[in-house]
>>> print(open('entry_9.txt').read())   # compact mmCIF, C-alpha atoms and all ligand atoms
# COMPACT_ATOMS: atom_id res chain seq x y z
CA MET A 98 -32.26 -74.82 281.60
CA THR A 99 -32.24 -75.37 285.39
CA SER A 100 -29.04 -75.72 287.37
CA ALA A 101 -30.00 -79.36 288.17
CA THR A 102 -29.87 -80.33 284.49
CA MET A 103 -26.50 -78.60 284.17
CA ASP A 104 -24.99 -80.72 286.97
CA PRO A 105 -22.24 -82.86 285.35
CA MET A 106 -23.09 -85.62 287.87
CA THR A 107 -26.49 -86.22 286.24
CA GLN A 108 -26.04 -84.84 282.75
CA THR A 109 -25.25 -86.98 279.71
CA LEU A 110 -22.02 -85.65 278.21
CA THR A 111 -20.67 -86.26 274.73
CA GLU A 112 -17.19 -85.94 273.31
CA ALA A 113 -16.02 -86.24 269.70
CA ALA A 114 -13.04 -88.50 268.92
CA PRO A 115 -11.84 -87.27 265.51
CA ALA A 116 -9.71 -89.39 263.19
CA LYS A 117 -5.98 -88.65 263.19
CA ILE A 118 -4.24 -88.44 259.82
CA ASN A 119 -0.46 -88.44 259.30
CA LEU A 120 0.08 -86.14 256.27
CA TYR A 121 3.66 -87.43 256.22
CA LEU A 122 5.45 -89.79 258.58
CA HIS A 123 9.22 -90.17 258.60
CA VAL A 124 10.76 -92.88 260.75
CA THR A 125 13.92 -91.04 261.80
CA GLY A 126 15.49 -93.59 264.14
CA LYS A 127 14.94 -96.39 266.61
CA ARG A 128 15.23 -96.41 270.40
CA PRO A 129 17.04 -99.19 272.27
CA ASP A 130 13.64 -100.42 273.55
CA GLY A 131 12.49 -101.01 269.95
CA TYR A 132 10.16 -98.00 269.65
CA HIS A 133 10.70 -95.91 266.53
CA LEU A 134 11.46 -92.20 266.47
CA LEU A 135 9.08 -90.33 264.22
CA ASP A 136 8.65 -86.96 262.53
CA SER A 137 5.04 -86.53 261.42
CA LEU A 138 2.52 -83.83 260.62
CA VAL A 139 -0.74 -84.85 262.22
CA VAL A 140 -4.13 -83.37 261.34
CA PHE A 141 -7.66 -84.28 262.41
CA ALA A 142 -10.59 -84.94 260.12
CA GLY A 143 -14.31 -84.31 260.48
CA ALA A 144 -14.76 -88.10 260.56
CA GLY A 145 -14.63 -89.71 263.98
CA ASP A 146 -16.06 -91.81 266.78
CA THR A 147 -18.31 -90.35 269.48
CA LEU A 148 -18.14 -91.13 273.18
CA ARG A 149 -21.16 -90.53 275.43
CA TYR A 150 -21.21 -90.74 279.21
CA GLU A 151 -24.46 -91.45 281.03
CA PRO A 152 -23.76 -91.22 284.78
CA GLY A 153 -25.55 -93.85 286.87
CA PRO A 154 -25.35 -95.96 290.04
CA GLU A 155 -23.90 -99.06 288.32
CA ALA A 156 -20.15 -99.70 287.98
CA LEU A 157 -18.62 -97.84 285.05
CA HIS A 158 -18.90 -99.96 281.91
CA LEU A 159 -18.58 -99.63 278.16
CA VAL A 160 -21.20 -100.27 275.50
CA LEU A 161 -20.15 -100.47 271.84
CA ALA A 162 -22.34 -99.20 269.02
CA GLY A 163 -21.86 -97.70 265.54
CA ARG A 164 -20.82 -99.21 262.20
CA PHE A 165 -17.62 -100.77 263.59
CA GLY A 166 -18.83 -101.48 267.14
CA ALA A 167 -19.17 -105.18 266.28
CA ALA A 168 -15.52 -105.30 265.16
CA LEU A 169 -14.61 -104.50 268.77
CA SER A 170 -17.35 -106.44 270.52
CA ASP A 171 -14.81 -108.73 272.20
CA ALA A 172 -13.07 -105.65 273.50
CA ALA A 173 -15.67 -103.79 275.57
CA GLY A 174 -13.87 -104.92 278.74
CA PRO A 175 -10.95 -103.47 280.70
CA ASP A 176 -8.59 -103.79 277.70
CA ASN A 177 -10.53 -101.29 275.65
CA LEU A 178 -8.54 -98.07 275.51
CA VAL A 179 -11.59 -96.15 276.76
CA MET A 180 -11.73 -98.24 279.95
CA LYS A 181 -7.94 -98.10 280.35
CA ALA A 182 -8.17 -94.30 280.16
CA ALA A 183 -10.98 -94.23 282.74
CA THR A 184 -9.05 -96.45 285.16
CA ALA A 185 -5.86 -94.41 284.74
CA LEU A 186 -7.72 -91.15 285.32
CA GLU A 187 -9.49 -92.46 288.42
CA ALA A 188 -6.10 -93.46 289.87
CA VAL A 189 -4.79 -89.88 289.80
CA CYS A 190 -7.96 -88.08 290.87
CA GLY A 191 -7.73 -86.26 294.18
CA PRO A 192 -10.28 -86.57 297.02
CA GLU A 193 -12.23 -83.58 295.71
CA ALA A 194 -13.18 -85.45 292.51
CA ARG A 195 -16.69 -86.88 292.31
CA ILE A 196 -15.95 -90.27 290.72
CA GLN A 197 -19.14 -91.89 289.50
CA GLY A 198 -20.17 -95.00 287.61
CA GLY A 199 -22.61 -95.37 284.75
CA ARG A 200 -22.44 -96.13 281.05
CA LEU A 201 -19.92 -95.05 278.44
CA VAL A 202 -21.37 -95.52 274.97
CA LEU A 203 -18.82 -95.59 272.16
CA GLU A 204 -20.23 -94.96 268.69
CA LYS A 205 -17.44 -96.70 266.77
CA ASP A 206 -17.67 -95.19 263.28
CA LEU A 207 -13.96 -95.41 262.37
CA PRO A 208 -12.50 -98.68 261.10
CA VAL A 209 -10.46 -100.52 263.75
CA ALA A 210 -6.67 -100.97 263.52
CA SER A 211 -6.57 -98.72 260.48
CA GLY A 212 -3.84 -96.07 260.90
CA ILE A 213 -6.17 -93.21 261.82
CA GLY A 214 -5.82 -93.64 265.57
CA GLY A 215 -9.43 -94.50 266.39
CA GLY A 216 -8.53 -96.22 269.64
CA SER A 217 -6.16 -93.40 270.60
CA ALA A 218 -8.81 -90.78 269.82
CA ASP A 219 -11.32 -92.73 271.95
CA ALA A 220 -8.88 -92.88 274.87
CA ALA A 221 -8.19 -89.15 274.62
CA ALA A 222 -11.94 -88.42 274.42
CA ALA A 223 -12.50 -90.53 277.55
CA LEU A 224 -9.86 -88.54 279.45
CA ARG A 225 -11.42 -85.20 278.44
CA LEU A 226 -14.97 -86.38 279.08
CA LEU A 227 -14.48 -88.00 282.49
CA ASN A 228 -12.20 -85.22 283.71
CA ARG A 229 -15.16 -82.91 283.08
CA ALA A 230 -17.90 -85.26 284.30
CA TRP A 231 -16.14 -86.20 287.53
CA SER A 232 -15.10 -82.59 288.21
CA ALA A 233 -11.67 -84.13 288.55
CA GLN A 234 -9.90 -80.94 287.44
CA VAL A 235 -6.80 -82.89 286.55
CA GLY A 236 -4.44 -80.50 284.77
CA HIS A 237 -3.27 -80.84 281.18
CA ALA A 238 0.23 -81.99 282.17
CA THR A 239 -1.18 -84.89 284.18
CA LEU A 240 -3.58 -85.83 281.38
CA LEU A 241 -0.63 -85.82 278.96
CA ASN A 242 1.29 -88.06 281.31
CA ILE A 243 -1.58 -90.56 281.39
CA ALA A 244 -1.96 -90.27 277.60
CA GLU A 245 1.70 -91.19 276.97
CA LYS A 246 1.28 -94.38 278.97
CA LEU A 247 -1.86 -95.38 277.03
CA GLY A 248 -0.21 -95.26 273.59
CA ALA A 249 2.14 -93.31 271.34
CA ASP A 250 -0.74 -91.60 269.50
CA VAL A 251 -2.82 -90.65 272.54
CA PRO A 252 -0.91 -87.41 273.45
CA VAL A 253 -1.59 -85.80 270.05
CA CYS A 254 -5.22 -86.90 270.23
CA LEU A 255 -5.68 -85.18 273.61
CA ALA A 256 -5.93 -81.71 272.02
CA SER A 257 -7.10 -83.15 268.66
CA GLN A 258 -5.54 -80.19 266.88
CA SER A 259 -3.05 -80.34 264.04
CA ALA A 260 0.48 -80.71 265.40
CA ARG A 261 3.95 -81.81 264.50
CA MET A 262 4.66 -85.05 266.33
CA GLU A 263 8.19 -86.26 267.19
CA GLY A 264 9.92 -88.57 269.64
CA ILE A 265 7.78 -91.70 269.71
CA GLY A 266 4.71 -89.45 269.69
CA GLU A 267 5.16 -87.49 272.92
CA VAL A 268 7.06 -84.46 271.54
CA LEU A 269 4.43 -82.10 270.15
CA SER A 270 4.92 -78.70 268.54
CA ALA A 271 2.95 -76.28 266.40
CA ALA A 272 2.00 -77.43 262.89
CA PRO A 273 2.26 -75.01 259.97
CA ALA A 274 -0.94 -73.00 259.55
CA LEU A 275 -2.98 -75.09 257.15
CA PRO A 276 -4.84 -73.77 254.09
CA ASP A 277 -8.48 -74.58 253.33
CA CYS A 278 -8.65 -78.01 251.71
CA GLY A 279 -10.75 -81.15 251.58
CA MET A 280 -9.89 -84.73 252.47
CA VAL A 281 -11.03 -88.18 251.41
CA LEU A 282 -10.39 -91.20 253.65
CA VAL A 283 -10.58 -94.76 252.33
CA ASN A 284 -10.16 -98.12 254.05
CA CYS A 285 -10.30 -101.44 252.21
CA GLY A 286 -11.63 -103.34 255.23
CA GLN A 287 -8.48 -105.20 256.28
CA ALA A 288 -7.26 -104.54 259.84
CA VAL A 289 -3.50 -103.92 260.00
CA SER A 290 -1.36 -104.47 263.09
CA THR A 291 0.89 -101.48 263.87
CA PRO A 292 3.73 -103.60 265.38
CA ASP A 293 3.69 -105.88 262.29
CA VAL A 294 4.19 -102.90 259.97
CA PHE A 295 7.00 -101.39 262.09
CA ARG A 296 8.68 -104.82 262.13
CA LYS A 297 8.52 -105.07 258.31
CA ARG A 298 10.10 -101.63 257.81
CA ASP A 299 13.69 -101.70 256.57
CA GLY A 300 15.95 -99.34 254.68
CA ALA A 301 17.38 -96.00 255.71
CA PHE A 302 15.86 -93.68 258.26
CA LEU A 303 14.41 -90.47 256.76
CA PRO A 304 15.44 -86.99 257.89
CA ARG A 305 13.38 -84.54 259.94
CA ALA A 306 11.39 -82.44 257.46
CA ALA A 307 11.84 -78.69 256.95
CA LEU A 308 8.39 -77.12 257.29
CA PRO A 309 7.26 -73.50 256.78
CA ALA A 310 5.32 -71.57 259.43
CA ARG A 311 2.28 -71.53 257.14
CA TRP A 312 1.05 -72.73 253.78
CA PRO A 313 -0.83 -70.02 251.88
CA ASP A 314 -2.84 -72.44 249.76
CA ALA A 315 -3.45 -76.14 249.19
CA ALA A 316 -1.22 -76.28 246.10
CA THR A 317 1.81 -75.01 248.06
CA MET A 318 1.15 -77.44 250.90
CA VAL A 319 0.82 -80.37 248.50
CA ALA A 320 4.04 -79.41 246.68
CA ASP A 321 5.91 -79.63 250.01
CA LEU A 322 4.15 -82.81 251.16
CA ALA A 323 4.92 -84.51 247.84
CA GLU A 324 8.64 -84.20 248.71
CA LEU A 325 7.99 -86.07 251.95
CA ASP A 326 6.88 -89.65 252.53
CA ASN A 327 5.21 -92.16 254.79
CA SER A 328 8.03 -94.54 255.80
CA LEU A 329 5.41 -97.15 256.73
CA GLU A 330 3.57 -97.21 253.39
CA ALA A 331 5.91 -99.70 251.67
CA PRO A 332 5.93 -102.19 254.60
CA ALA A 333 2.15 -101.79 254.97
CA CYS A 334 1.76 -102.76 251.29
CA VAL A 335 3.58 -106.00 252.10
CA VAL A 336 1.30 -106.71 255.07
CA CYS A 337 -1.83 -105.52 253.23
CA PRO A 338 -1.41 -105.38 249.40
CA PRO A 339 -4.77 -103.61 248.75
CA VAL A 340 -3.21 -100.41 250.18
CA GLN A 341 -1.51 -99.84 246.82
CA THR A 342 -4.85 -100.23 244.99
CA VAL A 343 -6.52 -97.77 247.36
CA VAL A 344 -3.76 -95.15 246.98
CA SER A 345 -4.08 -95.40 243.18
CA ALA A 346 -7.89 -95.26 243.27
CA ILE A 347 -7.78 -92.05 245.33
CA ALA A 348 -5.12 -90.50 243.07
CA ALA A 349 -7.37 -91.15 240.05
CA LEU A 350 -10.31 -89.19 241.51
CA PRO A 351 -11.11 -85.81 239.91
CA GLU A 352 -9.18 -82.90 241.49
CA CYS A 353 -7.10 -85.13 243.81
CA LEU A 354 -3.90 -83.24 244.74
CA LEU A 355 -2.10 -85.93 246.74
CA SER A 356 -2.80 -89.51 247.78
CA ARG A 357 -0.96 -91.35 250.57
CA MET A 358 -1.40 -93.83 253.42
CA SER A 359 -1.92 -92.62 257.02
CA GLY A 360 0.03 -94.00 260.00
CA SER A 361 0.69 -97.74 259.77
CA GLY A 362 -2.32 -98.22 257.48
CA ALA A 363 -4.40 -99.44 255.95
CA THR A 364 -6.46 -96.21 255.68
CA CYS A 365 -5.30 -93.89 252.89
CA PHE A 366 -6.18 -90.25 252.37
CA GLY A 367 -6.48 -87.86 249.46
CA LEU A 368 -6.10 -84.09 249.66
CA PHE A 369 -8.47 -81.96 247.57
CA PRO A 370 -8.71 -78.22 246.85
CA SER A 371 -12.04 -77.88 248.73
CA VAL A 372 -14.39 -79.74 251.07
CA TRP A 373 -16.93 -79.82 248.25
CA SER A 374 -14.53 -81.49 245.78
CA ALA A 375 -13.56 -84.06 248.44
CA GLN A 376 -17.21 -84.90 249.16
CA ALA A 377 -17.95 -85.28 245.43
CA ALA A 378 -14.90 -87.53 244.95
CA ALA A 379 -15.84 -89.64 248.00
CA ALA A 380 -19.40 -90.13 246.70
CA ARG A 381 -18.02 -91.26 243.36
CA LEU A 382 -15.58 -93.74 244.92
CA ALA A 383 -18.17 -95.11 247.36
CA GLN A 384 -20.40 -95.91 244.41
CA SER A 385 -17.70 -97.79 242.49
CA GLN A 386 -16.27 -99.56 245.59
CA PRO A 387 -19.26 -100.36 247.85
CA GLY A 388 -17.12 -102.71 250.00
CA TRP A 389 -14.73 -99.95 251.06
CA TRP A 390 -15.22 -97.47 253.91
CA VAL A 391 -15.11 -94.05 252.23
CA TRP A 392 -15.46 -90.61 253.83
CA GLY A 393 -15.11 -87.12 252.34
CA GLY A 394 -15.12 -83.76 254.11
CA GLY A 395 -12.91 -81.20 255.83
CA LEU A 396 -10.30 -81.02 258.56
CA VAL A 397 -11.08 -80.11 262.18
C1 LIG A 401 2.06 -95.40 263.60
C2 LIG A 401 1.24 -94.35 264.29
C3 LIG A 401 1.61 -92.95 263.71
O1 LIG A 401 0.77 -91.95 264.21
O2 LIG A 401 -0.17 -94.45 264.09
P1 LIG A 401 -1.25 -95.65 263.84
O3 LIG A 401 -0.88 -96.40 262.63
O4 LIG A 401 -1.26 -96.52 265.05
O5 LIG A 401 -2.58 -94.93 263.69
C4 LIG A 401 1.55 -94.32 265.82
O6 LIG A 401 2.90 -94.01 266.05
C5 LIG A 401 1.24 -95.59 266.56
O7 LIG A 401 0.70 -95.20 267.79
P2 LIG A 401 -0.12 -96.24 268.71
O8 LIG A 401 -1.07 -97.01 267.85
O9 LIG A 401 -0.67 -95.47 269.85
O10 LIG A 401 1.03 -97.20 269.12
P3 LIG A 401 1.30 -97.97 270.50
O11 LIG A 401 0.06 -98.68 270.90
O12 LIG A 401 1.97 -97.08 271.49
O13 LIG A 401 2.40 -99.02 269.99
C6 LIG A 401 2.06 -100.18 269.26
C7 LIG A 401 3.34 -100.78 268.75
O14 LIG A 401 3.81 -100.05 267.61
C8 LIG A 401 5.22 -99.91 267.62
N1 LIG A 401 5.58 -98.48 267.69
C9 LIG A 401 4.64 -97.55 268.00
C10 LIG A 401 4.97 -96.21 268.00
C11 LIG A 401 6.32 -95.85 267.71
N2 LIG A 401 6.70 -94.57 267.72
N3 LIG A 401 7.22 -96.80 267.44
C12 LIG A 401 6.88 -98.12 267.40
O15 LIG A 401 7.72 -98.97 267.13
C13 LIG A 401 5.71 -100.71 268.80
O16 LIG A 401 5.98 -102.02 268.33
C14 LIG A 401 4.51 -100.75 269.72
O17 LIG A 401 4.50 -101.88 270.54
N1 LIG A 402 -11.66 -98.05 271.58
C1 LIG A 402 -10.90 -98.72 270.71
N2 LIG A 402 -11.02 -98.48 269.39
C2 LIG A 402 -10.23 -99.13 268.49
N3 LIG A 402 -9.32 -100.04 268.83
C3 LIG A 402 -9.15 -100.33 270.13
C4 LIG A 402 -9.94 -99.68 271.12
N4 LIG A 402 -9.55 -100.15 272.30
C5 LIG A 402 -8.60 -101.06 272.07
N5 LIG A 402 -8.35 -101.18 270.77
C6 LIG A 402 -7.32 -102.04 270.13
O1 LIG A 402 -6.27 -101.17 269.69
C7 LIG A 402 -5.72 -101.63 268.45
C8 LIG A 402 -5.43 -100.41 267.54
O2 LIG A 402 -6.65 -99.87 267.17
P1 LIG A 402 -6.80 -98.44 266.44
O3 LIG A 402 -6.53 -97.35 267.37
O4 LIG A 402 -8.13 -98.44 265.76
O5 LIG A 402 -5.65 -98.57 265.36
P2 LIG A 402 -4.77 -97.49 264.64
O6 LIG A 402 -4.01 -96.76 265.70
O7 LIG A 402 -3.90 -98.27 263.71
O8 LIG A 402 -5.72 -96.61 263.89
C9 LIG A 402 -6.73 -102.60 267.86
O9 LIG A 402 -6.10 -103.82 267.65
C10 LIG A 402 -7.84 -102.73 268.88
O10 LIG A 402 -8.18 -104.06 269.18
>>> encode(input="entry_9.txt", output="structure tokens")
Amino acid sequence: MTSATMDPMTQTLTEAAPAKINLYLHVTGKRPDGYHLLDSLVVFAGAGDTLRYEPGPEALHLVLAGRFGAALSDAAGPDNLVMKAATALEAVCGPEARIQGGRLVLEKDLPVASGIGGGSADAAAALRLLNRAWSAQVGHATLLNIAEKLGADVPVCLASQSARMEGIGEVLSAAPALPDCGMVLVNCGQAVSTPDVFRKRDGAFLPRAALPARWPDAATMVADLAELDNSLEAPACVVCPPVQTVVSAIAALPECLLSRMSGSGATCFGLFPSVWSAQAAAARLAQSQPGWWVWGGGLV
């Protein structure tokens, strides 16, 4: 390959935006501004959106594609989290950066407003991608600062590595070392508004979880996770009753170890002893529920 084709100013660059899954999510308190304090173990799945940047002379713009691109077709403008990320990054770039226009193509393969942080993952992917493409060399601390302003889930999506998430999403620490396991993701097709679900939550706050440094195997991890909860699952079932059906359908699949909702819903996940068993279970469920979005595979 010649050096010209390696030039980030002319090269098409691609970045994965993996789905974020909350293995548990405890709402531990509420801030005076209304935001909720969380304790959550976040992991990333092999499922995700893809963001491609094709540098060009035209003003930077977004094109939506993929299975769920149409669900966002009204939102390819400045309000899309990808464009918000691009604008915020441009604002902090120094004079040495080579800001350029062109096309950002978002392959939207994750359901929208579904509790697996698709929009947050896209925003984080845009920050990583354009920082590289524009030779902006903005440091991680500055990127994190931008991420926090874009949304509570964007900081954890910046590294897209499993992490414990606290505060309102900005306090990140190491997750326990995870064992090999498989995951199934299922969405019934109903978009769920995150603020609506937080508003519907009532009852006591849950405590911060005690987590080990590592889980030696999937059975041990599941035994611990089963003692924990998703504080938003009950209110999400009020907003979107099919969540309960989906959780039960996953739990009934062969070899399923644990079934629970992610984030504010409506996507639910199942944990399986292996990637293979998750893929087999997903294929089975997709056949019996052709109207649902179903994915099976491994963690990032
Ligand atoms: C619930 C979680 C768990 O990972 O995931 P999702 O369901 O969105 O995937 C996140 O905290 C969501 O993060 P994100 O979707 O980025 O939320 P934001 O855009 O910042 O906030 C949307 C709204 O949700 C509420 N909100 C969000 C985060 C938080 N810690 N407390 C809140 O009360 C607020 O009403 C806020 O106005
Ligand atoms: N690139 C994007 N992908 C998905 N949603 C986006 C995007 N940009 C803006 N949004 C808006 O953000 C909201 C939350 O979307 P999403 O991140 O998919 O939800 P969740 O965090 O619950 O998984 C949606 O209402 C959507 O209109």
>>> residues_near_ligand(input="entry_9.txt", ligand="ligand LIG 402 (chain A)", cutoff="6 Å", atoms="all atoms listed in the file", output="PDB file with C-alpha atoms, in the coordinates of the input")
ATOM      1  CA  ASN A 177     -10.530-101.290 275.650  1.00  0.00           C
ATOM      2  CA  LEU A 178      -8.540 -98.070 275.510  1.00  0.00           C
ATOM      3  CA  VAL A 179     -11.590 -96.150 276.760  1.00  0.00           C
ATOM      4  CA  VAL A 209     -10.460-100.520 263.750  1.00  0.00           C
ATOM      5  CA  ALA A 210      -6.670-100.970 263.520  1.00  0.00           C
ATOM      6  CA  SER A 211      -6.570 -98.720 260.480  1.00  0.00           C
ATOM      7  CA  GLY A 212      -3.840 -96.070 260.900  1.00  0.00           C
ATOM      8  CA  ILE A 213      -6.170 -93.210 261.820  1.00  0.00           C
ATOM      9  CA  GLY A 214      -5.820 -93.640 265.570  1.00  0.00           C
ATOM     10  CA  GLY A 215      -9.430 -94.500 266.390  1.00  0.00           C
ATOM     11  CA  GLY A 216      -8.530 -96.220 269.640  1.00  0.00           C
ATOM     12  CA  SER A 217      -6.160 -93.400 270.600  1.00  0.00           C
ATOM     13  CA  ASP A 219     -11.320 -92.730 271.950  1.00  0.00           C
ATOM     14  CA  THR A 291       0.890-101.480 263.870  1.00  0.00           C
TER      15      THR A 291
END
>>> closest_residue(input="entry_9.txt", among="A:Ala272, A:Ala173, A:Cys365, A:Ala233", to="ligand LIG 401 (chain A)", atoms="only C-alpha atoms and all ligand atoms")
A:Cys365
>>> residues_near_ligand(input="entry_9.txt", ligand="ligand LIG 401 (chain A)", cutoff="7 Å", atoms="all atoms listed in the file", output="ChimeraX atom specification")
/A:119,131-135,211-214,217,247-251,265-266,291-292,295,359-362
>>> closest_residue(input="entry_9.txt", among="A:Ala307, A:Phe369, A:Pro339, A:Ala116", to="Val319 (chain A)", atoms="all atoms listed in the file")
A:Phe369
>>> residues_around(input="entry_9.txt", residues="Pro175 (chain A)", least_positions_apart="3", cutoff="12 Å", atoms="all atoms listed in the file", output="JSON, numbers by chain")
{"A": [157, 158, 159, 160, 171, 172, 178, 179, 180, 181, 182, 183, 184, 185]}
>>> write_last_selection(input="entry_9.txt", atoms="C-alpha atoms", output="compact mmCIF listing (two decimals), keeping the file's coordinate frame")
# COMPACT_ATOMS: atom_id res chain seq x y z
CA LEU A 157 -18.62 -97.84 285.05
CA HIS A 158 -18.90 -99.96 281.91
CA LEU A 159 -18.58 -99.63 278.16
CA VAL A 160 -21.20 -100.27 275.50
CA ASP A 171 -14.81 -108.73 272.20
CA ALA A 172 -13.07 -105.65 273.50
CA LEU A 178 -8.54 -98.07 275.51
CA VAL A 179 -11.59 -96.15 276.76
CA MET A 180 -11.73 -98.24 279.95
CA LYS A 181 -7.94 -98.10 280.35
CA ALA A 182 -8.17 -94.30 280.16
CA ALA A 183 -10.98 -94.23 282.74
CA THR A 184 -9.05 -96.45 285.16
CA ALA A 185 -5.86 -94.41 284.74
>>> residues_around(input="entry_9.txt", residues="Lys205 (chain A)", least_positions_apart="5", cutoff="10 Å", atoms="only C-alpha atoms", output="ChimeraX atom specification")
/A:114,145-148,161-169,215-216,219
>>> write_last_selection(input="entry_9.txt", atoms="C-alpha atoms", output="short mmCIF file (atom, residue, chain, number, x, y, z; two decimals), in the frame of the given file")
data_model
loop_
_atom_site.label_atom_id
_atom_site.label_comp_id
_atom_site.auth_asym_id
_atom_site.auth_seq_id
_atom_site.Cartn_x
_atom_site.Cartn_y
_atom_site.Cartn_z
CA ALA A 114 -13.04 -88.50 268.92
CA GLY A 145 -14.63 -89.71 263.98
CA ASP A 146 -16.06 -91.81 266.78
CA THR A 147 -18.31 -90.35 269.48
CA LEU A 148 -18.14 -91.13 273.18
CA LEU A 161 -20.15 -100.47 271.84
CA ALA A 162 -22.34 -99.20 269.02
CA GLY A 163 -21.86 -97.70 265.54
CA ARG A 164 -20.82 -99.21 262.20
CA PHE A 165 -17.62 -100.77 263.59
CA GLY A 166 -18.83 -101.48 267.14
CA ALA A 167 -19.17 -105.18 266.28
CA ALA A 168 -15.52 -105.30 265.16
CA LEU A 169 -14.61 -104.50 268.77
CA GLY A 215 -9.43 -94.50 266.39
CA GLY A 216 -8.53 -96.22 269.64
CA ASP A 219 -11.32 -92.73 271.95
#
>>> closest_residue(input="entry_9.txt", among="A:Leu275, A:Arg261, A:Leu110, A:Glu204", to="Arg225 (chain A)", atoms="only C-alpha atoms")
A:Leu110
>>> closest_residue(input="entry_9.txt", among="A:Ile118, A:Ala156, A:Val124, A:Ala348", to="Ala363 (chain A)", atoms="only C-alpha atoms")
A:Ile118
>>> closest_residue(input="entry_9.txt", among="A:Gly199, A:Val281, A:Ser328, A:Arg305", to="Gly367 (chain A)", atoms="only C-alpha atoms")
A:Val281
>>> closest_residue(input="entry_9.txt", among="A:Thr364, A:Leu382, A:Pro370, A:Ala223", to="Ala349 (chain A)", atoms="all atoms listed in the file")
A:Leu382
>>> residues_around(input="entry_9.txt", residues="Val343 (chain A)", least_positions_apart="6", cutoff="8 Å", atoms="all atoms listed in the file", output="list of chain:residue names")
A:Val283, A:Asn284, A:Cys285, A:Cys365
>>> residues_near_point(input="entry_9.txt", point="(-0.6, -74.9, 262.4)", cutoff="9 Å", atoms="all atoms listed in the file", output="PyMOL selection string")
chain A and resi 258-261+271-275+310-311
>>> residues_around(input="entry_9.txt", residues="Cys353 (chain A)", least_positions_apart="4", cutoff="12 Å", atoms="all atoms listed in the file", output="MDAnalysis selection string")
chainID A and resid 278:281 315:316 319 344:349 357 366:372 374:379 393
>>> atom_distance(input="entry_9.txt", atom1="CA of Ser356 (chain A)", atom2="CA of Gly264 (chain A)")
25.3 Å
>>> residues_around(input="entry_9.txt", residues="Leu226 (chain A)", least_positions_apart="5", cutoff="9 Å", atoms="only C-alpha atoms", output="list in words")
Leu110, Thr111, Glu112, Leu148, Arg149, Tyr150, Ala221 and Trp231 of chain A
>>> atom_distance(input="entry_9.txt", atom1="CA of Thr125 (chain A)", atom2="CA of Gln287 (chain A)")
27.1 Å
>>> atom_distance(input="entry_9.txt", atom1="CA of Ala320 (chain A)", atom2="CA of Met358 (chain A)")
16.8 Å
>>> decode(input="entry_9.txt", residues="region 341-353 of chain A", atoms="N, CA and C atoms", output="tab-separated table (two decimals), in the first residue's frame")
chain	number	residue	atom	x	y	z
A	341	GLN	N	-41.88	-8.13	29.62
A	341	GLN	CA	-42.03	-9.31	30.48
A	341	GLN	C	-42.09	-10.59	29.64
A	342	THR	N	-42.79	-10.51	28.51
A	342	THR	CA	-42.89	-11.67	27.59
A	342	THR	C	-41.51	-12.02	27.04
A	343	VAL	N	-40.76	-11.00	26.69
A	343	VAL	CA	-39.43	-11.24	26.10
A	343	VAL	C	-38.50	-11.87	27.14
A	344	VAL	N	-38.50	-11.34	28.37
A	344	VAL	CA	-37.64	-11.91	29.42
A	344	VAL	C	-37.98	-13.39	29.61
A	345	SER	N	-39.27	-13.72	29.64
A	345	SER	CA	-39.69	-15.11	29.84
A	345	SER	C	-39.30	-15.98	28.65
A	346	ALA	N	-39.44	-15.44	27.45
A	346	ALA	CA	-39.11	-16.22	26.24
A	346	ALA	C	-37.61	-16.55	26.22
A	347	ILE	N	-36.79	-15.60	26.64
A	347	ILE	CA	-35.33	-15.86	26.68
A	347	ILE	C	-35.03	-16.91	27.75
A	348	ALA	N	-35.65	-16.75	28.92
A	348	ALA	CA	-35.39	-17.68	30.04
A	348	ALA	C	-35.75	-19.11	29.66
A	349	ALA	N	-36.73	-19.27	28.75
A	349	ALA	CA	-37.19	-20.61	28.37
A	349	ALA	C	-36.30	-21.26	27.32
A	350	LEU	N	-35.32	-20.53	26.79
A	350	LEU	CA	-34.46	-21.11	25.74
A	350	LEU	C	-33.48	-22.13	26.35
A	351	PRO	N	-33.14	-23.18	25.60
A	351	PRO	CA	-32.23	-24.20	26.12
A	351	PRO	C	-30.90	-23.58	26.57
A	352	GLU	N	-30.45	-23.97	27.75
A	352	GLU	CA	-29.15	-23.58	28.32
A	352	GLU	C	-29.08	-22.13	28.81
A	353	CYS	N	-30.22	-21.40	28.79
A	353	CYS	CA	-30.17	-20.01	29.28
A	353	CYS	C	-29.84	-19.99	30.78
